[in-house]
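What follows is one structure encoded as structure tokens, with my remarks underneath.
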Amino acid sequence: MFTQGVDAGAVKQGDFRIELCDFWLKSVPCQHGVGCRFAHGPAQLRKITLRDDLWRTKPCRNFAADKCSYGNRCRFRH
Ligand SMILES: [Zn+2]
Ligand SMILES: [Zn+2]
């Protein structure tokens, strides 16, 4: 099935609002509004400590290959 709109997979709970919105950071109105998958301010950031049990329980394969772009926000262990 074709789902409408942007990549539905990107909105899955796993990476929802774990980082700040680029638009918000630049004080530019975000076209996604309240539906934005990024946080508009620290208050909207999900508490990373409450994340699922996959959080940093596995080594990051990208980091091992020196290609991880998430840095210390990565969900895998570095
Ligand atoms: Zn936004
Ligand atoms: Zn990583």
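Each chain of the structure tokens is named A, B, ... in the order shown, its residues numbered from 1; ligands are numbered from 1 in display order.
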
Original post:
Got a sec to check which residues lie within 6 Å of ligand 2, using only C-alpha atoms and all ligand atoms, and send them as a count of residues only?
Top reply: 7

**OP:** Would you list the residues that come within 7 Å of ligand 1? Count only C-alpha atoms and all ligand atoms and give the answer as a VMD selection string.
**Re:** chain A and resid 21 to 24 30 to 33 36 to 40

Subject >> Arg77 in chain A environment, 9 Å, only C-alpha atoms, sequence neighbours closer than 6 positions dropped, as a list in words >> reply: Trp55, Arg56, Thr57, Lys58, Pro59, Cys60 and Phe63 of chain A

Original post:
In Å, how far is it from CA of Val28 in chain A to CA of Arg75 in chain A?
Top reply: 27.6 Å

Original post:
Rounded to one decimal in Å, what is the spacing between CA of Asp66 in chain A and CA of Arg17 in chain A?
Top reply: 25.0 Å

**OP:** In Å, rounded to a single decimal, give me how far CA of Gly71 in chain A is from CA of Pro42 in chain A.
**Re:**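 Those two atoms sit 18.7 Å apart.
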